[in-house]
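Have a look at the structure below, then the notes.
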Amino acid sequence: MSTYDDASLATRFRALATDPLPMSWDEVLEVAHSFERIFPVPTVVADWDDVHDRAGAEQPHRTRSFRRQRLVAIVVAGLVAALLVAPGLGVGSRLLDLLQGPFIPPDVGSPAWSPDGRRIAFSRYGGDWYADIYVMNADGSGERELTRDVQGLEWSPDGRQIAFKSDRSGESEVHVINADGSGERQLSHGGGWSHRWSPDGRTIAFESTRERGAGNTDIYLVNADGSGERRLTQRGSNLSWSPDGRMIAFNSKRSGTWEIHVINADGSRQRRLTHNGGRDPVWAPEGRTIAFTRNGRIFVINADGSRQRQLTRREGRPVWSPDGRKIAFRAHDAWIYSMNADGSGLRRLARSSDHGLAWSPDGRNISFVSDRDGGRDEIFVMNADGSGQRRLTQRG
Amino acid sequence: MGRLDSDLEDLFRRRHGAFQVMLASVTGSVDSARDVVQEAFVRALRYQDGFSGEGSLEGWVWRIALRAAVGSQGSGELSLEEVPEIAFVDERTDQALAAAVRELSPQRRMAIFLRYFADLSYAEIGEVLGIAEGTVAATLSKAHEQLSAQLTKHEVVA
């Protein structure tokens, strides 16, 4: 039997596999960019009145998906013509399929608690990666649509507004909307995403590649009223505000490897905290420590760069409880775990189908996404100890 | 296009070969697998905000790639039932193994391919297929048993 163990099978399979073909990243970029030019994602946005009229109406996606299909048909026709005229365009042979090809995104995602803990905003996906924002009460009642075709939602600290990313202007930009669905406006100009409100709600930090092109992310700030857009630092991403709003942690490859850096919010005093690798910093609510990942594992380090320690052997992205005493994360085994801030008391809480893990502002509950009921993603809430798991959203 | 551009580029440069080899088992040829890999990375670039950051970027791209590969054949749902024969293998190299693999259920075949062609860990396979690591271990263990039995039979006869 030992002839057929893992290692020997691995060798035999390797011999069985054919050699891969050469591929070029530049070509991937070229296709992505030509796709972007031909088909800037969602240019079809429902009229504002339309959105309000149909808030709560059944099957809200149908109209949009028909429009989208029509648009896709037109684009495909144009593209076929373009390919016939210019066969040497260099786009991949499957670009047509790329336009038409079905691709099933998650159904719901990104649950985010309002700061008062009474509402949960979340995304509901139509037939693509762009979602509509819904808001419901924390008990799952009163679900209504806020706006459409967006990604990445975050409540303002006062709970009155929600920031999101949308491509509706033709570029990915940071937008803000009032929590009642009124007063939508674009904050960034020239490209912006991965936005984070400052703790006082006056400033929004975000990422953009507007100056140095694709792959070169810099961090920018803009006032919440849309004024004063400015670059904070070059070469930084995955930012996290300190709870007092004075500093921003981020990861950067400027030293050759991914490391955690910190900068004052006024742009002064940049310093590197880690030296052996670090990604995805998340400032602890108490302000003294920063959680981050190294090779996927969760670490913490003091904000002054001292006392770095590893908390987990499992891989996951740390999410601090509001009181800073616990860290929750979703591991590769698809379970949500929680542990004390020192890494002790690891507890397995619930299975989660993919993304979206958030503490309620009072720290008593954790919202998450699961497809346990019938294979569709839905938003669930559980007590922070994993008990009392209950589903909040329902498929209409 | 976004904050993950350089990560995706890293992943592409390191792993596009493994992606092709694995996906060739789904699409039937390395040529079409190459197209699917390109398509998967284009989608990942464009829709990178759909990556929640939980779990690995590679796992996420694998899911896109498998969906693209399966989607190129039909429904677009990532259905294990649709994993086809390993049409691309040169059976002269290892006829016994190719025959044994053909006997595996689609689930076991997919797990085996992700293990040996894509060189993924049990945890990563679980992430890609959306099943627990323990289920991956159980599936692979049963696949191993079945392969061993088939190979023993075949090689004794041969």
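Residues in the structure tokens are named by chain (A, B, ... in the order shown) and by number from 1 within that chain; ligands are numbered from 1 in the order shown.
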
message = Report as a list in words all protein, DNA and RNA residues lying within 12 Å of Ala137 in chain B, evaluated on only C-alpha atoms, omitting residues in the same chain fewer than 2 positions from it.
response = Asp6 and Asp333 of chain A; Arg108, Ala111, Ile112, Arg115, Ser121, Tyr122, Ala123, Glu124, Ile125, Gly126, Ile131, Ala132, Glu133, Gly134, Thr135, Thr139, Leu140, Ser141, Lys142, Ala143 and His144 of chain B

Mind dumping the selected residues with N, CA and C atoms as a compact mmCIF listing (two decimals), in the first residue's frame?
```txt
# COMPACT_ATOMS: atom_id res chain seq x y z
N ASP A 6 0.78 9.61 -0.22
CA ASP A 6 0.61 10.99 -0.70
C ASP A 6 1.78 11.44 -1.58
N ASP A 333 -10.70 27.25 7.62
CA ASP A 333 -11.62 26.12 7.70
C ASP A 333 -13.08 26.59 7.67
N ARG B 108 -14.33 13.67 -5.39
CA ARG B 108 -12.99 13.18 -5.07
C ARG B 108 -11.98 13.61 -6.11
N ALA B 111 -11.02 17.23 -5.53
CA ALA B 111 -10.13 17.36 -4.37
C ALA B 111 -8.72 16.88 -4.73
N ILE B 112 -8.66 15.77 -5.45
CA ILE B 112 -7.37 15.21 -5.86
C ILE B 112 -6.63 16.18 -6.80
N ARG B 115 -5.28 19.04 -4.99
CA ARG B 115 -4.16 18.62 -4.16
C ARG B 115 -2.89 18.46 -5.02
N SER B 121 -2.90 23.15 0.02
CA SER B 121 -3.01 22.47 1.32
C SER B 121 -4.46 22.07 1.56
N TYR B 122 -4.67 21.21 2.55
CA TYR B 122 -6.03 20.80 2.87
C TYR B 122 -6.89 22.02 3.21
N ALA B 123 -6.28 22.94 3.96
CA ALA B 123 -7.04 24.14 4.36
C ALA B 123 -7.45 24.95 3.13
N GLU B 124 -6.51 25.07 2.20
CA GLU B 124 -6.80 25.85 0.99
C GLU B 124 -7.86 25.17 0.13
N ILE B 125 -7.76 23.86 0.04
CA ILE B 125 -8.77 23.13 -0.74
C ILE B 125 -10.15 23.34 -0.12
N GLY B 126 -10.19 23.29 1.21
CA GLY B 126 -11.46 23.52 1.91
C GLY B 126 -12.01 24.89 1.59
N ILE B 131 -15.74 23.78 1.87
CA ILE B 131 -16.03 22.69 2.80
C ILE B 131 -14.99 22.72 3.91
N ALA B 132 -15.28 22.04 5.00
CA ALA B 132 -14.38 22.06 6.16
C ALA B 132 -13.10 21.28 5.85
N GLU B 133 -12.04 21.67 6.55
CA GLU B 133 -10.76 21.00 6.34
C GLU B 133 -10.88 19.50 6.63
N GLY B 134 -11.66 19.17 7.64
CA GLY B 134 -11.88 17.76 7.98
C GLY B 134 -12.54 17.00 6.84
N THR B 135 -13.46 17.66 6.18
CA THR B 135 -14.14 17.04 5.04
C THR B 135 -13.15 16.82 3.90
N THR B 139 -12.32 13.29 2.36
CA THR B 139 -12.50 13.07 0.91
C THR B 139 -11.21 12.56 0.28
N LEU B 140 -10.10 13.21 0.63
CA LEU B 140 -8.82 12.80 0.04
C LEU B 140 -8.42 11.40 0.50
N SER B 141 -8.72 11.12 1.75
CA SER B 141 -8.35 9.81 2.27
C SER B 141 -9.13 8.71 1.53
N LYS B 142 -10.42 8.97 1.30
CA LYS B 142 -11.21 7.98 0.56
C LYS B 142 -10.73 7.89 -0.88
N ALA B 143 -10.36 9.04 -1.46
CA ALA B 143 -9.84 9.03 -2.83
C ALA B 143 -8.55 8.23 -2.90
N HIS B 144 -7.70 8.42 -1.90
CA HIS B 144 -6.44 7.66 -1.85
C HIS B 144 -6.70 6.16 -1.81
```

message = Show me, as a ChimeraX atom specification, every residue of chain B with an atom at most 7 Å from chain A, counting only C-alpha atoms.
response = /B:1-3,5-6,9,17,20-21,30,35,38-39,41-42,46-47,49-50,52,54-55,67-68,71,76-77,89-90,93-94,116-117,123-124,126-127,132-133,148

inquiry  = Show me, as JSON, numbers by chain, the residues that have an atom within 8 Å of His175 in chain A when counting only C-alpha atoms, minus same-chain residues fewer than 6 positions from it.
reply    = {"A": [163, 164, 165, 166, 184, 185, 186, 187, 188]}

Serialized selection, N, CA and C atoms, as a compact mmCIF listing (two decimals), in the first residue's frame:
```txt
# COMPACT_ATOMS: atom_id res chain seq x y z
N ALA A 163 -20.71 55.54 3.76
CA ALA A 163 -19.78 55.73 2.64
C ALA A 163 -19.71 54.44 1.84
N PHE A 164 -19.53 54.56 0.55
CA PHE A 164 -19.42 53.37 -0.29
C PHE A 164 -18.60 53.71 -1.52
N LYS A 165 -18.24 52.68 -2.27
CA LYS A 165 -17.55 52.89 -3.54
C LYS A 165 -18.50 52.60 -4.67
N SER A 166 -18.46 53.43 -5.68
CA SER A 166 -19.28 53.17 -6.86
C SER A 166 -18.53 53.59 -8.11
N GLU A 184 -27.07 61.77 -1.74
CA GLU A 184 -25.87 61.07 -2.20
C GLU A 184 -24.91 62.04 -2.89
N ARG A 185 -23.63 61.90 -2.60
CA ARG A 185 -22.64 62.74 -3.28
C ARG A 185 -21.30 62.02 -3.41
N GLN A 186 -20.56 62.44 -4.43
CA GLN A 186 -19.25 61.84 -4.70
C GLN A 186 -18.18 62.62 -3.95
N LEU A 187 -17.32 61.91 -3.21
CA LEU A 187 -16.30 62.60 -2.42
C LEU A 187 -14.94 62.64 -3.11
N SER A 188 -14.53 61.54 -3.70
CA SER A 188 -13.20 61.51 -4.30
C SER A 188 -13.32 61.82 -5.79
```

request  = Determine, counting only C-alpha atoms, which protein, DNA and RNA residues have an atom within 7 Å of an atom of Arg347 in chain A; residues of the same chain fewer than 5 positions away are not included. Present the result as a PyMOL selection string.
outcome  = chain A and resi 337-339

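In this comparison, which uses only C-alpha atoms, the residue of A:Met247, A:Val319, A:Ile336, A:Ala265 approaching Arg288 in chain A most closely is A:Met247.
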
I'd like the contact shell of Arg254 in chain A - 7 Å cut-off, only C-alpha atoms, skipping same-chain residues fewer than 2 positions apart - returned as an mmCIF file with C-alpha atoms, in the first residue's frame.
```cif
data_model
loop_
_atom_site.group_PDB
_atom_site.id
_atom_site.type_symbol
_atom_site.label_atom_id
_atom_site.label_comp_id
_atom_site.auth_asym_id
_atom_site.auth_seq_id
_atom_site.Cartn_x
_atom_site.Cartn_y
_atom_site.Cartn_z
ATOM 1 C CA ARG A 235 2.836 53.502 -1.268
ATOM 2 C CA SER A 252 3.481 49.122 2.490
ATOM 3 C CA GLY A 256 10.917 45.614 -0.197
#
```

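Of the residues listed (B:Leu147, B:Arg15, B:Asp119, B:Val61), B:Val61 shows the shortest atom-to-atom separation from Gln48 in chain B; distances use only C-alpha atoms.
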
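Atom pair CA of Met22 in chain B / CA of Arg279 in chain A has a distance of 28.8 Å (rounded to one decimal).
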
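Shortest separation to Ser141 in chain A among A:Ala112, A:Thr393, A:Ser321, A:Gly277 occurs at residue A:Thr393, atoms counted being only C-alpha atoms.
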
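Atom pair CA of Gln107 in chain B / CA of Phe380 in chain A: separated by 28.3 Å.
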